[in-house]
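Just structure.txt here, compact mmCIF, C-alpha atoms:
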# COMPACT_ATOMS: atom_id res chain seq x y z
CA MET A 1 19.15 16.87 11.22
CA PHE A 2 20.79 14.54 8.70
CA PHE A 3 19.90 16.32 5.48
CA ARG A 4 22.30 17.98 3.06
CA CYS A 5 21.99 19.56 -0.33
CA ARG A 6 22.93 17.07 -3.01
CA VAL A 7 25.78 18.16 -5.25
CA PRO A 8 25.14 17.72 -8.99
CA ASN A 9 27.46 15.47 -10.98
CA GLY A 10 29.05 13.95 -7.91
CA GLY A 11 30.40 17.23 -6.56
CA ASP A 12 32.85 17.19 -3.71
CA LEU A 13 30.54 17.64 -0.74
CA TYR A 14 31.13 14.45 1.20
CA MET A 15 31.21 14.18 4.98
CA SER A 16 34.31 12.00 5.14
CA ILE A 17 36.84 11.07 7.80
CA LEU A 18 40.15 12.86 8.02
CA VAL A 19 43.01 10.45 8.69
CA ASN A 20 46.33 12.28 9.07
CA ALA A 21 44.60 15.28 7.46
CA SER A 22 43.72 13.16 4.39
CA LYS A 23 40.08 12.70 3.41
CA LYS A 24 38.64 9.17 3.27
CA ILE A 25 35.30 8.48 1.59
CA ILE A 26 33.03 5.80 3.08
CA ILE A 27 30.91 3.63 0.78
CA ASP A 28 28.27 1.60 2.61
CA ARG A 29 26.61 -1.45 1.04
CA THR A 30 24.31 -2.52 3.89
CA LEU A 31 21.17 -1.94 1.83
CA ILE A 32 22.38 -4.28 -0.94
CA HIS A 33 22.58 -7.16 1.53
CA MET A 34 19.43 -6.20 3.43
CA LYS A 35 17.52 -6.60 0.16
CA LYS A 36 19.10 -9.98 -0.54
CA ASN A 37 18.13 -11.32 2.89
CA THR A 38 14.74 -9.64 3.34
CA LYS A 39 11.90 -10.02 0.82
CA THR A 40 10.10 -6.79 1.67
CA LEU A 41 11.66 -3.66 3.13
CA ASN A 42 9.64 -0.78 4.56
CA SER A 43 10.52 2.23 2.38
CA ARG A 44 9.97 4.75 5.17
CA LYS A 45 12.26 2.86 7.54
CA VAL A 46 14.83 2.37 4.78
CA ALA A 47 14.92 6.13 4.24
CA HIS A 48 15.36 6.70 7.98
CA PHE A 49 18.12 4.10 8.14
CA LEU A 50 20.00 5.63 5.22
CA LYS A 51 19.83 9.08 6.77
CA LEU A 52 21.17 7.65 10.02
CA LEU A 53 24.07 6.13 8.07
CA TYR A 54 24.72 9.56 6.61
CA GLY A 55 24.60 11.02 10.11
CA LEU A 56 27.27 8.53 11.19
CA GLY A 57 29.55 9.74 8.40
CA VAL A 58 28.76 7.53 5.39
CA ASP A 59 29.35 9.39 2.11
CA LEU A 60 28.01 7.04 -0.55
CA ILE A 61 25.23 4.43 -0.40
CA GLU A 62 25.68 1.49 -2.76
CA ILE A 63 22.50 0.32 -4.48
CA GLY A 64 21.52 -1.84 -7.43
CA ASN A 65 18.67 -2.62 -9.80
CA ASP A 66 16.69 -4.66 -7.25
CA ILE A 67 16.72 -1.74 -4.81
CA VAL A 68 15.75 0.87 -7.38
CA SER A 69 12.92 -1.39 -8.57
CA ASN A 70 11.54 -2.32 -5.14
CA ILE A 71 12.15 0.61 -2.80
CA GLU A 72 9.55 3.27 -3.53
CA GLU A 73 11.44 6.36 -2.47
CA LEU A 74 15.15 6.66 -1.79
CA PRO A 75 16.15 9.95 -0.14
CA GLN A 76 17.13 12.31 -2.93
CA ASP A 77 19.47 14.33 -0.75
CA LEU A 78 21.97 11.48 -0.31
CA ASN A 79 24.72 10.34 -2.65
CA TYR A 80 24.63 6.94 -4.34
CA VAL A 81 26.85 4.43 -6.10
CA TYR A 82 24.94 2.31 -8.61
CA ARG A 83 26.15 -1.25 -9.20
CA VAL A 84 26.01 -2.69 -12.72
CA ASN A 85 26.21 -6.48 -12.88
CA LYS A 86 24.59 -7.09 -16.28
CA ASN A 87 23.25 -5.31 -19.36
CA SER A 88 19.71 -4.90 -18.02
CA ASP A 89 21.03 -2.96 -15.01
CA VAL A 90 22.20 -0.17 -17.32
CA LEU A 91 18.60 0.76 -18.16
CA ASP A 92 18.14 2.21 -14.66
CA LEU A 93 21.00 4.66 -15.11
CA ASN A 94 18.56 7.14 -16.62
CA LYS A 95 16.14 7.06 -13.68
CA GLN A 96 18.20 9.32 -11.45
CA GLU A 97 21.66 10.81 -11.16
CA TYR A 98 24.32 8.68 -9.48
CA ASP A 99 27.67 9.85 -8.20
CA TYR A 100 29.42 6.74 -9.46
CA VAL A 101 28.72 3.52 -11.30
CA VAL A 102 30.56 0.51 -9.91
CA ILE A 103 31.36 -2.45 -12.17
CA GLU A 104 33.17 -5.64 -11.26
CA TYR A 105 36.15 -6.21 -13.52
CA LYS A 106 35.04 -9.66 -14.71
CA ASN A 107 31.51 -8.41 -15.50
CA VAL A 108 32.84 -5.80 -17.94
CA PHE A 109 33.50 -8.50 -20.55
CA ASP A 110 29.80 -9.49 -20.54
CA LEU A 111 28.50 -5.98 -21.32
CA ASP A 112 27.27 -5.25 -24.84
CA VAL A 113 28.26 -2.24 -26.93
CA MET A 114 25.09 -0.29 -26.09
CA SER A 115 25.59 -0.77 -22.34
CA ILE A 116 29.21 0.33 -22.55
CA LYS A 117 28.14 3.42 -24.48
CA ARG A 118 25.54 4.32 -21.84
CA ILE A 119 27.99 3.87 -18.97
CA LYS A 120 30.70 5.89 -20.67
CA ASN A 121 29.27 9.25 -19.54
CA ASN A 122 29.32 8.23 -15.86
CA LYS A 123 32.16 8.26 -13.37
CA VAL A 124 33.12 4.63 -12.90
CA MET A 125 34.54 2.66 -10.01
CA LEU A 126 36.21 -0.51 -11.24
CA GLU A 127 36.05 -3.26 -8.61
CA ILE A 128 38.65 -5.99 -8.93
CA ASN A 129 39.84 -8.97 -6.89
CA ILE A 130 43.29 -8.46 -5.45
CA GLU A 131 44.32 -11.72 -7.20
CA ASP A 132 43.39 -10.21 -10.59
CA LEU A 133 45.30 -6.94 -10.28
CA ASP A 134 48.08 -8.21 -12.56
CA GLU A 135 45.59 -8.30 -15.45
CA LEU A 136 45.30 -4.51 -15.33
CA TYR A 137 49.06 -4.16 -15.65
CA LEU A 138 49.25 -6.71 -18.49
CA ASP A 139 46.97 -4.52 -20.60
CA GLU A 140 49.62 -2.20 -22.05
CA ASN A 141 47.06 -0.07 -23.90
CA HIS A 142 44.84 0.36 -20.84
CA LYS A 143 41.80 -0.74 -22.86
CA MET A 144 39.60 -0.81 -19.76
CA PHE A 145 40.37 2.84 -19.12
CA VAL A 146 39.61 3.74 -22.73
CA LEU A 147 36.21 2.06 -22.51
CA PHE A 148 35.14 3.85 -19.33
CA ASN A 149 35.72 7.02 -17.38
CA ILE A 150 37.35 5.15 -14.50
CA LYS A 151 37.96 7.41 -11.53
CA CYS A 152 38.66 4.79 -8.88
CA VAL A 153 39.92 1.22 -8.65
CA ILE A 154 38.43 -0.67 -5.71
CA ILE A 155 40.40 -3.70 -4.58
CA LYS A 156 38.28 -6.40 -2.99
CA ASN A 157 38.67 -9.79 -1.30
CA ILE A 158 41.59 -8.71 0.87
CA ASN A 159 41.23 -11.00 3.86
CA LYS A 160 44.69 -10.94 5.39
CA TYR A 161 46.58 -8.21 7.17
CA ASN A 162 49.64 -6.95 5.27
CA LEU A 163 52.53 -6.39 7.66
CA GLU A 164 54.47 -4.55 4.96
CA SER A 165 51.54 -2.13 4.39
CA PHE A 166 49.57 -1.44 1.21
CA ALA A 167 51.23 1.93 0.64
CA GLY A 168 53.40 0.72 -2.25
CA LEU A 169 50.49 -0.92 -4.06
CA ILE A 170 48.30 2.17 -3.65
CA LYS A 171 51.00 4.52 -4.91
CA ASP A 172 51.71 2.27 -7.88
CA LEU A 173 48.03 2.13 -8.94
CA LYS A 174 47.68 5.90 -8.66
CA THR A 175 50.85 6.50 -10.69
CA ASN A 176 50.12 3.98 -13.47
CA PHE A 177 46.40 4.56 -13.95
CA LEU A 178 45.84 8.10 -12.59
CA VAL A 179 42.97 6.92 -10.38
CA GLU A 180 41.95 7.07 -6.76
CA VAL A 181 42.12 3.78 -4.86
CA GLY A 182 39.52 2.10 -2.69
CA PHE A 183 39.51 -1.06 -0.58
CA CYS A 184 36.70 -3.48 0.18
CA ALA A 185 38.16 -5.75 2.84
CA CYS A 186 36.79 -9.25 3.42
CA ASN A 187 36.01 -10.14 7.03
CA LYS A 188 36.59 -13.88 6.53
CA PHE A 189 39.25 -14.03 9.24
CA TYR A 190 37.75 -11.13 11.26
CA MET A 191 40.50 -8.82 10.04
CA GLY A 192 38.24 -6.46 8.08
CA THR A 193 38.45 -3.62 10.59
CA ALA A 194 42.23 -3.88 11.00
CA ILE A 195 42.81 -4.01 7.23
CA THR A 196 40.50 -1.05 6.59
CA MET A 197 42.11 1.06 9.30
CA ASP A 198 45.55 0.45 7.88
CA VAL A 199 44.70 1.17 4.24
CA CYS A 200 43.35 4.53 5.42
CA THR A 201 46.80 5.43 6.76
CA ASP A 202 48.51 3.80 3.76
CA GLY A 203 46.88 6.21 1.29
CA ALA A 204 43.54 4.72 0.22
CA ASP A 205 40.84 7.22 -0.79
CA PHE A 206 37.71 5.06 -0.42
CA ILE A 207 36.71 2.31 2.01
CA THR A 208 33.70 0.00 1.68
CA THR A 209 31.77 -1.06 4.77
CA ALA A 210 28.43 -2.43 5.93
CA PHE A 211 26.55 -1.79 9.16
CA ASN A 212 26.93 -4.89 11.37
CA GLY A 213 29.15 -5.95 8.50
CA GLU A 214 30.47 -9.18 9.95
CA ASN A 215 27.04 -10.67 9.11
CA TYR A 216 27.80 -10.07 5.44
CA GLY A 217 31.55 -10.69 5.40
CA TYR A 218 32.53 -7.02 5.20
CA THR A 219 34.24 -4.47 7.42
CA PRO A 220 31.69 -3.39 10.06
CA LEU A 221 31.01 0.32 9.60
CA GLU A 222 30.51 0.90 13.31
CA GLU A 223 33.83 -0.71 14.24
CA VAL A 224 36.00 1.11 11.74
CA ILE A 225 34.67 4.62 12.43
CA VAL A 226 35.07 4.18 16.19
CA ALA A 227 38.49 2.58 15.81
CA LEU A 228 39.72 5.31 13.47
CA LYS A 229 38.71 7.91 16.04
CA VAL A 230 40.03 6.12 19.12
CA ILE A 231 43.15 4.40 17.79
CA LYS A 232 44.17 6.58 14.84
CA ASN A 233 42.99 9.85 16.41
CA SER A 234 41.12 10.69 13.21
CA THR A 235 38.62 13.50 12.76
CA LEU A 236 35.07 12.23 12.23
CA SER A 237 32.40 14.30 10.57
CA GLY A 238 29.65 11.97 11.75
CA ASN A 239 27.89 11.69 15.10
CA LEU A 240 28.71 8.40 16.86
CA LYS A 241 25.84 8.94 19.30
CA LEU A 242 23.49 7.90 16.49
CA LEU A 243 24.77 4.30 16.71
CA PRO A 244 22.09 2.98 19.12
CA GLU A 245 19.26 4.43 17.01
CA THR A 246 20.84 3.07 13.83
CA ALA A 247 21.09 -0.38 15.44
CA ARG A 248 17.44 -0.22 16.49
CA VAL A 249 16.22 0.67 12.98
CA TYR A 250 18.53 -1.95 11.47
CA THR A 251 16.96 -4.63 13.71
CA GLU A 252 13.45 -3.50 12.77
CA LEU A 253 14.28 -3.71 9.06
CA THR A 254 16.10 -7.04 9.09
CA GLY A 255 14.58 -8.86 12.06
CA GLU A 256 18.15 -9.69 13.08
CA LYS A 257 18.96 -9.29 16.76
CA ILE A 258 22.44 -7.89 17.25
CA TYR A 259 24.57 -10.03 19.58
CA CYS A 260 24.61 -8.48 23.05
CA MET A 261 28.43 -8.47 23.18
CA LYS A 262 28.95 -7.29 19.59
CA ALA A 263 31.76 -4.72 19.49
CA VAL A 264 30.39 -1.14 19.59
CA LEU A 265 26.74 -2.16 19.01
CA GLY A 266 26.08 -4.79 21.70
CA ASP A 267 23.67 -3.87 24.50
CA ASP A 268 25.88 -5.46 27.16
CA ILE A 269 29.34 -4.17 26.25
CA PHE A 270 29.31 -1.59 29.05
CA LYS A 271 27.79 -3.83 31.71
CA TYR A 272 30.12 -5.14 34.40
CA GLU A 273 29.83 -7.14 37.62
CA SER A 274 33.05 -8.59 39.01
CA GLY A 275 34.84 -6.74 41.78
CA ILE A 276 38.09 -6.18 39.91
CA HIS A 277 36.20 -4.54 37.04
CA VAL A 278 34.28 -2.29 39.40
CA ASP A 279 37.43 -1.23 41.21
CA GLY A 280 39.31 -0.55 37.96
CA ILE A 281 36.50 1.41 36.32
CA THR A 282 35.83 3.41 39.48
CA LYS A 283 39.49 4.46 39.65
CA ASP A 284 40.09 4.90 35.92
CA SER A 285 37.58 3.77 33.28
CA LYS A 286 40.35 3.54 30.66
CA THR A 287 41.58 0.45 32.52
CA TYR A 288 38.82 -1.53 30.79
CA GLU A 289 37.19 0.85 28.31
CA PRO A 290 39.03 2.36 25.30
CA TYR A 291 36.36 5.07 25.05
CA GLN A 292 33.50 6.45 27.12
CA PRO A 293 30.03 4.88 26.71
CA SER A 294 28.62 8.36 26.15
CA ASP A 295 30.85 8.72 23.05
CA ILE A 296 28.59 6.25 21.22
CA GLY A 297 25.30 7.12 22.90
CA LYS A 298 25.40 4.38 25.54
CA GLU A 299 25.54 4.25 29.34
CA ARG A 300 27.70 2.22 31.68
CA LYS A 301 25.72 -0.15 33.88
CA MET A 302 26.99 -2.00 36.92
CA LEU A 303 25.33 -5.36 37.57
CA ILE A 304 25.11 -6.89 41.03
CA GLY A 305 25.29 -10.67 41.27
CA LYS A 306 27.21 -13.67 42.51
CA HIS A 307 30.54 -12.27 41.31
CA SER A 308 30.14 -8.87 42.97
CA GLY A 309 32.33 -7.70 45.80
CA LYS A 310 31.77 -5.20 48.61
CA LYS A 311 33.09 -2.33 46.54
CA ALA A 312 30.58 -2.99 43.77
CA VAL A 313 27.64 -3.23 46.17
CA MET A 314 28.59 0.01 47.92
CA VAL A 315 28.99 1.84 44.61
CA LYS A 316 25.61 0.54 43.42
CA LEU A 317 23.89 1.56 46.66
CA GLN A 318 25.39 5.02 46.30
CA GLU A 319 23.98 5.19 42.76
CA LEU A 320 20.56 4.28 44.17
CA ASN A 321 20.90 6.90 46.97
CA ILE A 322 20.60 4.19 49.64
CA ASP A 323 22.32 4.65 52.98
CA TYR A 324 24.31 1.49 53.76
CA THR A 325 26.14 2.87 56.82
CA TYR A 326 24.48 0.48 59.26
CA ILE A 327 24.60 -2.61 57.05
CA ASN A 328 26.97 -5.48 57.78
CA MET A 329 28.35 -5.65 54.26
CA GLU A 330 29.82 -9.16 54.59
CA ASP A 331 26.46 -10.63 55.59
CA PHE A 332 24.57 -8.58 53.00
CA LEU A 333 26.98 -9.70 50.28
CA SER A 334 26.39 -13.35 51.23
CA GLU A 335 22.65 -12.82 50.91
CA ILE A 336 23.11 -11.19 47.48
CA ARG A 337 25.19 -14.10 46.23
CA GLU A 338 22.69 -16.67 47.48
CA LYS A 339 19.79 -14.90 45.79
CA SER A 340 21.71 -14.41 42.54
CA ILE A 341 22.58 -18.13 42.41
CA LYS A 342 18.98 -19.07 43.19
CA LEU A 343 17.58 -16.77 40.49
CA LYS A 344 20.34 -17.74 38.02
CA ARG A 345 20.77 -14.08 37.06
CA ASN A 346 21.83 -10.68 38.36
CA ILE A 347 19.95 -8.77 41.03
CA LEU A 348 17.83 -5.98 39.59
CA ASP A 349 18.08 -2.49 41.10
CA GLY A 350 14.57 -2.65 42.57
CA GLU A 351 15.28 -6.06 44.08
CA LEU A 352 18.51 -4.81 45.61
CA ALA A 353 16.73 -1.82 47.16
CA GLN A 354 14.08 -4.12 48.65
CA MET A 355 16.75 -6.52 49.96
CA CYS A 356 18.54 -3.59 51.59
CA LYS A 357 15.33 -2.40 53.20
CA SER A 358 14.50 -5.88 54.52
CA PHE A 359 18.07 -6.38 55.73
CA ASN A 360 17.92 -3.14 57.71
CA ASN A 361 14.73 -4.29 59.40
CA VAL A 362 16.16 -7.59 60.57
Output the file's structure in the form of structure tokens.
Amino acid sequence: MFFRCRVPNGGDLYMSILVNASKKIIIDRTLIHMKKNTKTLNSRKVAHFLKLLYGLGVDLIEIGNDIVSNIEELPQDLNYVYRVNKNSDVLDLNKQEYDYVVIEYKNVFDLDVMSIKRIKNNKVMLEINIEDLDELYLDENHKMFVLFNIKCVIIKNINKYNLESFAGLIKDLKTNFLVEVGFCACNKFYMGTAITMDVCTDGADFITTAFNGENYGYTPLEEVIVALKVIKNSTLSGNLKLLPETARVYTELTGEKIYCMKAVLGDDIFKYESGIHVDGITKDSKTYEPYQPSDIGKERKMLIGKHSGKKAVMVKLQELNIDYTYINMEDFLSEIREKSIKLKRNILDGELAQMCKSFNNV
């Protein structure tokens, strides 16, 4: 279902998102942070998780030495970016073929001659802090680009929205260095999704994300792919209905429970109770929901409780195929509210059906 034939030498067979008919490549670094936070990862579940990421539309999985050394089998039919932080990391470059090698700008100066020589034959992504970009321009001889086969410059640590757009910066980098441009937004001020969406329309070629990314300070993958589809009307190659399964496997791997109201992933984001919500969604779901629950593999669920009105109760009883014609709805609603307050929670469907049956018999 999620498999593809791997293209030798980083061939151009990526899934990608089309934004204004322009292809955007998604790099995902969830596994890097999973490994940092979890001592032991189940290789079989890791493989399943990575294939689910691919199914969602991720093009490149970022990995490093610790992952290659500790995960028994990475799916060979996916495409990888290998991160080099130090000289010893270069030794693993011979273990399998990687689409790109990513090196942080400041780490380049710590690499020895042998490491540089080994990296030279690989396509390189140069990652650089946005504050350090001037250093690239100060190097008149482009020494960094002579040392390596740099195909892409990835700008990181962008944590603020740019009202003037990044289009000028992107165009300037492409013109001066003949590279593609990527962005790795920081989610420090919860602007990662907004920044990443905008750089896609401003001309960026690559974006870096992480599943449930706000936990790691990165753009959440799930948010940006849904937002690009809904807000930017982009064409997605991935299947958003895989999101619930991906979240389930993610939780099994990390032991981290995803917040119930987390955007896109939360279990409760399509649950509603108050009368005004029920009325609005019944008339036009777009009043409260920017997209249909079914678009991301979820279902809408109405809850009955102390905040519910007559409309909500009638709609719920219709869902349960219960005839409420002979029920005094005002009295029944009072009973529902009393029970909900007493239980300190919503009324379950089975409880509501039993209440209705008892109420009819009174």
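For Ile25 of chain A, the list of residues within 7 Å, based on all atoms listed in the file and with local chain neighbours fewer than 2 positions off taken out, reads Ser16, Ile17, Lys23, Ile27, Asp59, Asp205, Phe206 and Ile207 of chain A.
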Item to check | Contacts of Phe211 of chain A within 10 Å, all atoms listed in the file, excl. fewer than 5 positions in-chain, as a list in words | outcome: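 Near Phe211 of chain A, the qualifying residues are Asp28, Arg29, Thr30, Leu31, Leu53, Tyr216, Tyr218, Thr219, Pro220, Leu221, Glu222, Glu223, Leu243, Thr246, Ala247, Tyr250 and Leu265 of chain A.
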Item to check | Gap from atom CA of Lys95 of chain A to atom CA of Leu111 of chain A - Å, one decimal | outcome: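 Spanning atom CA of Lys95 of chain A to atom CA of Leu111 of chain A is a straight-line distance of 19.5 Å.
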Item to check | Who sits within 10 Å of Leu320 of chain A, only C-alpha atoms, same chain under 6 positions skipped, as a PyMOL selection string | outcome: chain A and resi 314+349-350+352-353
At a cut-off of 8 Å, using only C-alpha atoms, what residues contact Leu242 of chain A? Leave out same-chain residues fewer than 2 positions from it and give the result as a PDB file with C-alpha atoms, in the frame of the given file.
ATOM      1  CA  LEU A  52      21.170   7.650  10.020  1.00  0.00           C
ATOM      2  CA  GLY A  55      24.600  11.020  10.110  1.00  0.00           C
ATOM      3  CA  LEU A  56      27.270   8.530  11.190  1.00  0.00           C
ATOM      4  CA  ASN A 239      27.890  11.690  15.100  1.00  0.00           C
ATOM      5  CA  LEU A 240      28.710   8.400  16.860  1.00  0.00           C
ATOM      6  CA  PRO A 244      22.090   2.980  19.120  1.00  0.00           C
ATOM      7  CA  GLU A 245      19.260   4.430  17.010  1.00  0.00           C
ATOM      8  CA  THR A 246      20.840   3.070  13.830  1.00  0.00           C
ATOM      9  CA  ILE A 296      28.590   6.250  21.220  1.00  0.00           C
ATOM     10  CA  GLY A 297      25.300   7.120  22.900  1.00  0.00           C
TER      11      GLY A 297
END
Item to check | 12 Å contact set for Val113 of chain A, only C-alpha atoms, chain neighbours under 6 positions out, as a list of chain:residue names | outcome: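 Selected residues are A:Asn87, A:Val90, A:Ile119, A:Lys120, A:Leu147, A:Phe148.
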